[in-house]
Amino acid sequence: MTTIAFIGLGIMGSPMAVHLAQAGNDVVGYNRSPDKTGPLVDAGGRAAGSVAEAVTDADVVAVMVPDSPDVEEVLAGEGGVFDNARPGTLVVDFSSIRPDVTVALARTAHEKGLALLDAPVSGGEAGAKNAALSIMVGGASSDFERARPILDAVGKTVVHVGPSGSGQTVKAANQLIVAANIEVLAEALVFLEAYGVDTDAALEVLGGGLAGSKVLDQKKDNMLKRSFEPGFRVELHHKDLGIVTSAAREAGVVVPLGAVVAQLMASSRAVGDGALDHSALLRGVERLSGRNAR
């Protein structure tokens with residue numbers, strides 16, 4: 001049995017922690033909102049009152065929090081993981097953050113006798129609930145092999161993509177592709193509706209051809225029903241596209257479509273849709289088309 005501290009029990013972290021507990025691990029969860037620990041406790045895990053309490057006796061620390069400052073606070077802040085974890089502890093950061101922040105944190109972890117993997121995930125809430133996430137992992141190969149049983153318990157496609165920061169770089173590319181797909185799906189739907197087409201039938205046949213994608217499969221119902229309960233929030237995708245555009249600039253490459261989609265995501269957030277699912281980009285297309293966003 002592996003003792004795992006799981007920090008961050010939100011939409012993604014909670015089902016991931018539950019899967020780890022169901023796999024026979026001793027999982028100790030911490031979340032700033034204590035009520036979020038309920039599902040883990042029901043699955044046989046334990047709740048901690050602080051990061052320090054969660055990680056003190058852990059073999060592995062898993063982190064799933066929203067942004068770079070949150071990860072820095074959890075790991076390197078006062079009373080955080082670096083201050084309380086035992087030497088030799090493996091830290092697996094499932095969060096999506098800036099690659100340069102990951103590299104710096106990995107360096108600090110090494111200095112403290114810890115190991116850090118960046119292991120951002122793709123697949124949204126459905127992937128987390130079904131233990132079917134795609135996980136792109138950066139860090140040392142030996143640490144990846146050590147973490148493999150944990151990664152396999154929450155993911156379906158688990159790939160080591162390179163040294164520290166590589167996982168975050170691949171996740172940034174993932175978020176670019178997903179955002180562009182959501183935007184063009186939204187534009188196609190508004191176009192189809194303007195001509196009175198049976199949109200259910202249209203998306204069914206489009207999904208069976210070259211236009212088909214996992215984005216279409218997973219997001220078409222949100223758009224058809226105008227139901228934007230968050231599986232992945234606009235505000236988080238806005239953050240991720242900021243990482244993409246910043247990293248592209250640093251690398252000296254251009255992402256023209258990515259820049260446009262980043263602006264459309266920023267607009268969605270600015271008009272108050274930040275807490276909605278990212279499929280709510282449809283509402284922006286409706287507004288630009290002179291139609292009332294539903």
# chains A, B, ... in the order shown; residues from 1 in each chain; ligands from 1
>>> residues_around(residues="Leu117 of chain A", least_positions_apart="2", cutoff="8 Å", atoms="only C-alpha atoms", output="PyMOL selection string")
chain A and resi 90-93+106+115+119+137-140+143-144+164
>>> write_last_selection(atoms="N, CA and C atoms", output="PDB file, in the first residue's frame")
ATOM      1  N   LEU A  90       8.114  11.440  -3.688  1.00  0.00           N
ATOM      2  CA  LEU A  90       7.853  11.758  -5.092  1.00  0.00           C
ATOM      3  C   LEU A  90       6.645  12.678  -5.169  1.00  0.00           C
ATOM      4  N   VAL A  91       6.813  13.816  -5.826  1.00  0.00           N
ATOM      5  CA  VAL A  91       5.720  14.773  -6.017  1.00  0.00           C
ATOM      6  C   VAL A  91       5.265  14.698  -7.468  1.00  0.00           C
ATOM      7  N   VAL A  92       3.972  14.468  -7.676  1.00  0.00           N
ATOM      8  CA  VAL A  92       3.394  14.396  -9.018  1.00  0.00           C
ATOM      9  C   VAL A  92       2.413  15.550  -9.156  1.00  0.00           C
ATOM     10  N   ASP A  93       2.782  16.516  -9.979  1.00  0.00           N
ATOM     11  CA  ASP A  93       1.931  17.697 -10.161  1.00  0.00           C
ATOM     12  C   ASP A  93       1.061  17.518 -11.392  1.00  0.00           C
ATOM     13  N   ALA A 106      11.089  21.963  -9.877  1.00  0.00           N
ATOM     14  CA  ALA A 106      11.776  20.670  -9.922  1.00  0.00           C
ATOM     15  C   ALA A 106      13.198  20.809  -9.403  1.00  0.00           C
ATOM     16  N   ALA A 115      11.683  14.459  -5.438  1.00  0.00           N
ATOM     17  CA  ALA A 115      11.605  14.344  -6.892  1.00  0.00           C
ATOM     18  C   ALA A 115      10.262  14.899  -7.346  1.00  0.00           C
ATOM     19  N   ALA A 119       2.891  16.382 -14.588  1.00  0.00           N
ATOM     20  CA  ALA A 119       2.035  15.375 -15.211  1.00  0.00           C
ATOM     21  C   ALA A 119       0.642  15.940 -15.490  1.00  0.00           C
ATOM     22  N   VAL A 137       3.849  13.432 -19.246  1.00  0.00           N
ATOM     23  CA  VAL A 137       4.695  13.485 -18.052  1.00  0.00           C
ATOM     24  C   VAL A 137       6.098  13.970 -18.381  1.00  0.00           C
ATOM     25  N   GLY A 138       6.550  14.968 -17.630  1.00  0.00           N
ATOM     26  CA  GLY A 138       7.914  15.454 -17.733  1.00  0.00           C
ATOM     27  C   GLY A 138       8.681  15.152 -16.465  1.00  0.00           C
ATOM     28  N   GLY A 139       9.968  14.848 -16.615  1.00  0.00           N
ATOM     29  CA  GLY A 139      10.799  14.547 -15.461  1.00  0.00           C
ATOM     30  C   GLY A 139      11.742  13.399 -15.762  1.00  0.00           C
ATOM     31  N   ALA A 140      12.439  12.927 -14.743  1.00  0.00           N
ATOM     32  CA  ALA A 140      13.392  11.831 -14.919  1.00  0.00           C
ATOM     33  C   ALA A 140      12.670  10.519 -15.216  1.00  0.00           C
ATOM     34  N   ASP A 143      11.898   8.390 -12.157  1.00  0.00           N
ATOM     35  CA  ASP A 143      10.766   8.881 -11.366  1.00  0.00           C
ATOM     36  C   ASP A 143       9.448   8.542 -12.064  1.00  0.00           C
ATOM     37  N   PHE A 144       9.457   8.609 -13.391  1.00  0.00           N
ATOM     38  CA  PHE A 144       8.264   8.236 -14.157  1.00  0.00           C
ATOM     39  C   PHE A 144       7.895   6.780 -13.895  1.00  0.00           C
ATOM     40  N   SER A 164      11.938  17.686 -17.150  1.00  0.00           N
ATOM     41  CA  SER A 164      11.041  18.598 -16.433  1.00  0.00           C
ATOM     42  C   SER A 164      10.583  19.742 -17.334  1.00  0.00           C
TER      43      SER A 164
END
>>> select_by_dssp(residues="segment 102-152 of chain A", states="helix (DSSP H, G or I)", output="MDAnalysis selection string")
chainID A and resid 102:111 124:129 141:152
>>> residues_around(residues="Gly29 of chain A", least_positions_apart="5", cutoff="8 Å", atoms="only C-alpha atoms", output="list in words")
Ala5, Phe6, Ile7, Gly8, Leu9, Ala17, Thr37, Leu40, Gly45, Arg46, Ala47, Ala48 and Ala54 of chain A
>>> atom_distance(atom1="atom CA of Gly113 of chain A", atom2="atom CA of Lys171 of chain A")
26.7 Å
>>> residues_around(residues="segment 50-52 of chain A", least_positions_apart="3", cutoff="7 Å", atoms="only C-alpha atoms", output="PyMOL selection string")
chain A and resi 30+55-56+79-81+84
>>> write_last_selection(atoms="C-alpha atoms", output="CSV table (one decimal), in the first residue's frame")
chain,number,residue,atom,x,y,z
A,30,TYR,CA,-6.5,18.2,1.6
A,55,VAL,CA,2.2,15.1,3.4
A,56,THR,CA,4.1,14.4,6.5
A,79,GLY,CA,3.9,25.1,5.6
A,80,GLY,CA,3.9,23.6,2.1
A,81,VAL,CA,5.1,20.3,0.7
A,84,ASN,CA,7.1,18.9,5.4
>>> closest_atom_pairs(of="segment 106-126 of chain A", to="segment 215-225 of chain A", cutoff="10 Å", atoms="only C-alpha atoms", output="CSV")
residue,atom,partner,partner_atom,distance
A:Gly123,CA,A:Gln218,CA,9.5
A:Gly124,CA,A:Gln218,CA,9.6
A:Ala126,CA,A:Gln218,CA,8.8
>>> residues_around(residues="Ala188 of chain A", least_positions_apart="4", cutoff="12 Å", atoms="only C-alpha atoms", output="list in words")
Asn181, Ile182, Glu183, Val184, Leu192, Glu193, Ala194, Tyr195, Val197, Thr199, Ala202, Leu203, Leu206, Ala211, Leu216, Lys220, Met223, Leu224, Leu282, Val285 and Glu286 of chain A
>>> write_last_selection(atoms="N, CA and C atoms", output="PDB file, in the first residue's frame")
ATOM      1  N   ASN A 181     -10.507  23.697 -31.794  1.00  0.00           N
ATOM      2  CA  ASN A 181     -11.586  22.777 -32.150  1.00  0.00           C
ATOM      3  C   ASN A 181     -12.931  23.244 -31.616  1.00  0.00           C
ATOM      4  N   ILE A 182     -12.944  23.698 -30.370  1.00  0.00           N
ATOM      5  CA  ILE A 182     -14.201  24.171 -29.787  1.00  0.00           C
ATOM      6  C   ILE A 182     -14.717  25.385 -30.552  1.00  0.00           C
ATOM      7  N   GLU A 183     -13.829  26.305 -30.881  1.00  0.00           N
ATOM      8  CA  GLU A 183     -14.242  27.514 -31.595  1.00  0.00           C
ATOM      9  C   GLU A 183     -14.820  27.183 -32.969  1.00  0.00           C
ATOM     10  N   VAL A 184     -14.168  26.332 -33.743  1.00  0.00           N
ATOM     11  CA  VAL A 184     -14.689  26.036 -35.083  1.00  0.00           C
ATOM     12  C   VAL A 184     -15.956  25.197 -35.005  1.00  0.00           C
ATOM     13  N   LEU A 192     -24.881  26.288 -39.270  1.00  0.00           N
ATOM     14  CA  LEU A 192     -25.925  25.306 -39.583  1.00  0.00           C
ATOM     15  C   LEU A 192     -27.298  25.801 -39.136  1.00  0.00           C
ATOM     16  N   GLU A 193     -27.363  26.378 -37.950  1.00  0.00           N
ATOM     17  CA  GLU A 193     -28.638  26.871 -37.424  1.00  0.00           C
ATOM     18  C   GLU A 193     -29.194  28.003 -38.277  1.00  0.00           C
ATOM     19  N   ALA A 194     -28.308  28.821 -38.826  1.00  0.00           N
ATOM     20  CA  ALA A 194     -28.757  29.939 -39.664  1.00  0.00           C
ATOM     21  C   ALA A 194     -29.498  29.455 -40.903  1.00  0.00           C
ATOM     22  N   TYR A 195     -29.212  28.247 -41.341  1.00  0.00           N
ATOM     23  CA  TYR A 195     -29.867  27.686 -42.524  1.00  0.00           C
ATOM     24  C   TYR A 195     -30.968  26.693 -42.178  1.00  0.00           C
ATOM     25  N   VAL A 197     -30.894  23.860 -40.633  1.00  0.00           N
ATOM     26  CA  VAL A 197     -30.529  22.444 -40.749  1.00  0.00           C
ATOM     27  C   VAL A 197     -30.853  21.704 -39.451  1.00  0.00           C
ATOM     28  N   THR A 199     -29.669  20.113 -36.730  1.00  0.00           N
ATOM     29  CA  THR A 199     -28.296  20.159 -36.216  1.00  0.00           C
ATOM     30  C   THR A 199     -27.872  18.843 -35.560  1.00  0.00           C
ATOM     31  N   ALA A 202     -26.900  16.757 -38.436  1.00  0.00           N
ATOM     32  CA  ALA A 202     -25.701  17.296 -39.077  1.00  0.00           C
ATOM     33  C   ALA A 202     -24.452  16.941 -38.278  1.00  0.00           C
ATOM     34  N   LEU A 203     -24.495  17.115 -36.962  1.00  0.00           N
ATOM     35  CA  LEU A 203     -23.318  16.817 -36.157  1.00  0.00           C
ATOM     36  C   LEU A 203     -23.044  15.318 -36.084  1.00  0.00           C
ATOM     37  N   LEU A 206     -21.267  14.636 -39.435  1.00  0.00           N
ATOM     38  CA  LEU A 206     -19.945  15.266 -39.406  1.00  0.00           C
ATOM     39  C   LEU A 206     -18.992  14.502 -38.490  1.00  0.00           C
ATOM     40  N   ALA A 211     -14.214  15.470 -40.221  1.00  0.00           N
ATOM     41  CA  ALA A 211     -14.480  16.552 -39.271  1.00  0.00           C
ATOM     42  C   ALA A 211     -14.708  16.039 -37.850  1.00  0.00           C
ATOM     43  N   LEU A 216     -15.791  17.251 -30.700  1.00  0.00           N
ATOM     44  CA  LEU A 216     -17.165  17.193 -31.205  1.00  0.00           C
ATOM     45  C   LEU A 216     -17.972  16.194 -30.388  1.00  0.00           C
ATOM     46  N   LYS A 220     -20.631  18.463 -28.221  1.00  0.00           N
ATOM     47  CA  LYS A 220     -21.786  18.789 -29.057  1.00  0.00           C
ATOM     48  C   LYS A 220     -23.069  18.900 -28.242  1.00  0.00           C
ATOM     49  N   MET A 223     -23.409  22.219 -26.538  1.00  0.00           N
ATOM     50  CA  MET A 223     -23.754  23.296 -27.454  1.00  0.00           C
ATOM     51  C   MET A 223     -25.190  23.179 -27.954  1.00  0.00           C
ATOM     52  N   LEU A 224     -25.608  21.975 -28.305  1.00  0.00           N
ATOM     53  CA  LEU A 224     -26.974  21.791 -28.805  1.00  0.00           C
ATOM     54  C   LEU A 224     -28.014  22.160 -27.743  1.00  0.00           C
ATOM     55  N   LEU A 282     -19.352  29.119 -27.774  1.00  0.00           N
ATOM     56  CA  LEU A 282     -20.512  29.240 -28.666  1.00  0.00           C
ATOM     57  C   LEU A 282     -21.256  30.550 -28.431  1.00  0.00           C
ATOM     58  N   VAL A 285     -19.690  33.339 -30.351  1.00  0.00           N
ATOM     59  CA  VAL A 285     -20.008  33.303 -31.785  1.00  0.00           C
ATOM     60  C   VAL A 285     -21.412  33.844 -32.021  1.00  0.00           C
ATOM     61  N   GLU A 286     -22.332  33.491 -31.140  1.00  0.00           N
ATOM     62  CA  GLU A 286     -23.699  34.004 -31.258  1.00  0.00           C
ATOM     63  C   GLU A 286     -23.714  35.518 -31.125  1.00  0.00           C
TER      64      GLU A 286
END
>>> closest_residue(among="A:Ala132, A:Val178, A:Ile97, A:Ala21", to="Ser213 of chain A", atoms="only C-alpha atoms")
A:Val178
>>> closest_residue(among="A:Asp83, A:Asp59, A:Glu235, A:Asp152", to="Ala23 of chain A", atoms="only C-alpha atoms")
A:Asp152
>>> closest_atom_pairs(of="segment 43-138 of chain A", to="segment 246-261 of chain A", cutoff="12 Å", atoms="only C-alpha atoms", output="tab-separated table")
residue	atom	partner	partner_atom	distance
A:Ile97	CA	A:Ala247	CA	11.4
A:Arg98	CA	A:Ala247	CA	8.3
A:Pro99	CA	A:Ala247	CA	8.3
A:Asp100	CA	A:Ala247	CA	9.1
A:Val101	CA	A:Ala247	CA	11.8
>>> atom_distance(atom1="atom CA of Thr157 of chain A", atom2="atom CA of Leu75 of chain A")
26.3 Å
>>> select_by_dssp(residues="segment 118-287 of chain A", states="strand (DSSP E or B)", output="list in words")
Asp118, Val121, Ser122, Leu133, Ser134, Ile135, Met136, Val137, Gly138, Gly155, Lys156, Thr157, Val158, Val159, His160, Val161, Gly162, Arg233 and Asp277 of chain A
>>> atom_distance(atom1="atom CA of Val60 of chain A", atom2="atom CA of Ser95 of chain A")
15.4 Å
>>> residues_around(residues="Gly127 of chain A", least_positions_apart="3", cutoff="10 Å", atoms="only C-alpha atoms", output="PyMOL selection string")
chain A and resi 12+15-16+121-124+130-134+154-156+231
>>> write_last_selection(atoms="N, CA and C atoms", output="PDB file, in the first residue's frame")
ATOM      1  N   MET A  12     -11.580  17.908 -10.990  1.00  0.00           N
ATOM      2  CA  MET A  12     -10.682  16.876 -11.487  1.00  0.00           C
ATOM      3  C   MET A  12     -10.047  16.074 -10.352  1.00  0.00           C
ATOM      4  N   PRO A  15     -12.333  13.034  -8.225  1.00  0.00           N
ATOM      5  CA  PRO A  15     -12.448  11.676  -8.760  1.00  0.00           C
ATOM      6  C   PRO A  15     -11.106  10.975  -8.922  1.00  0.00           C
ATOM      7  N   MET A  16     -10.044  11.730  -9.177  1.00  0.00           N
ATOM      8  CA  MET A  16      -8.722  11.109  -9.289  1.00  0.00           C
ATOM      9  C   MET A  16      -8.297  10.527  -7.947  1.00  0.00           C
ATOM     10  N   VAL A 121      -2.909  16.767 -17.265  1.00  0.00           N
ATOM     11  CA  VAL A 121      -3.837  15.783 -17.827  1.00  0.00           C
ATOM     12  C   VAL A 121      -4.776  16.434 -18.834  1.00  0.00           C
ATOM     13  N   SER A 122      -5.312  15.603 -19.720  1.00  0.00           N
ATOM     14  CA  SER A 122      -6.352  16.025 -20.650  1.00  0.00           C
ATOM     15  C   SER A 122      -7.464  14.986 -20.628  1.00  0.00           C
ATOM     16  N   GLY A 123      -8.673  15.445 -20.829  1.00  0.00           N
ATOM     17  CA  GLY A 123      -9.818  14.542 -20.806  1.00  0.00           C
ATOM     18  C   GLY A 123     -10.987  15.099 -20.028  1.00  0.00           C
ATOM     19  N   GLY A 124     -10.745  16.192 -19.300  1.00  0.00           N
ATOM     20  CA  GLY A 124     -11.828  16.867 -18.597  1.00  0.00           C
ATOM     21  C   GLY A 124     -12.426  16.039 -17.479  1.00  0.00           C
ATOM     22  N   ASN A 130     -13.843   8.645 -15.253  1.00  0.00           N
ATOM     23  CA  ASN A 130     -13.728   7.319 -15.854  1.00  0.00           C
ATOM     24  C   ASN A 130     -12.317   6.757 -15.805  1.00  0.00           C
ATOM     25  N   ALA A 131     -11.401   7.459 -15.122  1.00  0.00           N
ATOM     26  CA  ALA A 131      -9.985   7.050 -15.070  1.00  0.00           C
ATOM     27  C   ALA A 131      -9.441   6.850 -16.477  1.00  0.00           C
ATOM     28  N   ALA A 132      -9.812   7.759 -17.383  1.00  0.00           N
ATOM     29  CA  ALA A 132      -9.432   7.630 -18.785  1.00  0.00           C
ATOM     30  C   ALA A 132      -8.644   8.843 -19.273  1.00  0.00           C
ATOM     31  N   LEU A 133      -7.964   9.514 -18.374  1.00  0.00           N
ATOM     32  CA  LEU A 133      -7.229  10.718 -18.728  1.00  0.00           C
ATOM     33  C   LEU A 133      -6.022  10.406 -19.615  1.00  0.00           C
ATOM     34  N   SER A 134      -5.669  11.375 -20.419  1.00  0.00           N
ATOM     35  CA  SER A 134      -4.395  11.355 -21.124  1.00  0.00           C
ATOM     36  C   SER A 134      -3.416  12.165 -20.275  1.00  0.00           C
ATOM     37  N   VAL A 154      -5.291   6.472 -12.766  1.00  0.00           N
ATOM     38  CA  VAL A 154      -6.171   7.607 -13.100  1.00  0.00           C
ATOM     39  C   VAL A 154      -6.196   7.917 -14.598  1.00  0.00           C
ATOM     40  N   GLY A 155      -5.303   7.298 -15.359  1.00  0.00           N
ATOM     41  CA  GLY A 155      -5.212   7.625 -16.776  1.00  0.00           C
ATOM     42  C   GLY A 155      -5.271   6.409 -17.671  1.00  0.00           C
ATOM     43  N   LYS A 156      -5.588   6.657 -18.935  1.00  0.00           N
ATOM     44  CA  LYS A 156      -5.643   5.606 -19.946  1.00  0.00           C
ATOM     45  C   LYS A 156      -4.450   5.696 -20.888  1.00  0.00           C
ATOM     46  N   GLY A 231     -17.208  21.439 -17.105  1.00  0.00           N
ATOM     47  CA  GLY A 231     -16.325  20.294 -17.024  1.00  0.00           C
ATOM     48  C   GLY A 231     -14.900  20.827 -17.016  1.00  0.00           C
TER      49      GLY A 231
END
>>> residues_around(residues="segment 267-273 of chain A", least_positions_apart="3", cutoff="9 Å", atoms="only C-alpha atoms", output="ChimeraX atom specification")
/A:233-235,238,262-264,276-278,280-281,283-284
>>> decode(residues="segment 77-98 of chain A", atoms="N, CA and C atoms", output="compact mmCIF listing (two decimals), in the first residue's frame")
# COMPACT_ATOMS: atom_id res chain seq x y z
N GLY A 77 5.50 27.25 -0.58
CA GLY A 77 5.04 28.23 0.40
C GLY A 77 5.28 27.76 1.83
N GLU A 78 5.09 28.69 2.76
CA GLU A 78 5.26 28.37 4.18
C GLU A 78 4.29 27.26 4.58
N GLY A 79 4.78 26.23 5.19
CA GLY A 79 3.95 25.11 5.60
C GLY A 79 3.58 24.19 4.46
N GLY A 80 4.27 24.34 3.33
CA GLY A 80 3.95 23.56 2.15
C GLY A 80 4.67 22.23 2.07
N VAL A 81 4.59 21.64 0.89
CA VAL A 81 5.14 20.30 0.68
C VAL A 81 6.64 20.26 0.91
N PHE A 82 7.37 21.22 0.37
CA PHE A 82 8.83 21.19 0.48
C PHE A 82 9.30 21.30 1.93
N ASP A 83 8.50 21.92 2.77
CA ASP A 83 8.88 22.07 4.18
C ASP A 83 8.54 20.84 5.01
N ASN A 84 7.66 19.99 4.51
CA ASN A 84 7.11 18.93 5.36
C ASN A 84 7.24 17.52 4.82
N ALA A 85 7.52 17.36 3.56
CA ALA A 85 7.64 16.02 2.99
C ALA A 85 8.97 15.38 3.40
N ARG A 86 8.95 14.07 3.54
CA ARG A 86 10.17 13.33 3.89
C ARG A 86 11.12 13.28 2.69
N PRO A 87 12.41 13.24 2.92
CA PRO A 87 13.36 13.05 1.82
C PRO A 87 13.01 11.79 1.04
N GLY A 88 13.09 11.88 -0.27
CA GLY A 88 12.76 10.74 -1.12
C GLY A 88 11.32 10.73 -1.61
N THR A 89 10.51 11.63 -1.08
CA THR A 89 9.11 11.69 -1.50
C THR A 89 9.02 12.09 -2.98
N LEU A 90 8.11 11.44 -3.69
CA LEU A 90 7.85 11.76 -5.09
C LEU A 90 6.64 12.68 -5.17
N VAL A 91 6.81 13.82 -5.83
CA VAL A 91 5.72 14.77 -6.02
C VAL A 91 5.27 14.70 -7.47
N VAL A 92 3.97 14.47 -7.68
CA VAL A 92 3.39 14.40 -9.02
C VAL A 92 2.41 15.55 -9.16
N ASP A 93 2.78 16.52 -9.98
CA ASP A 93 1.93 17.70 -10.16
C ASP A 93 1.06 17.52 -11.39
N PHE A 94 -0.24 17.27 -11.17
CA PHE A 94 -1.19 17.09 -12.25
C PHE A 94 -1.73 18.42 -12.78
N SER A 95 -1.36 19.51 -12.16
CA SER A 95 -1.86 20.83 -12.55
C SER A 95 -1.30 21.23 -13.92
N SER A 96 -1.97 22.19 -14.55
CA SER A 96 -1.48 22.76 -15.81
C SER A 96 -0.93 24.15 -15.52
N ILE A 97 0.40 24.28 -15.60
CA ILE A 97 1.04 25.54 -15.24
C ILE A 97 2.14 25.88 -16.25
N ARG A 98 2.82 26.99 -16.02
CA ARG A 98 3.89 27.43 -16.92
C ARG A 98 5.07 26.47 -16.87
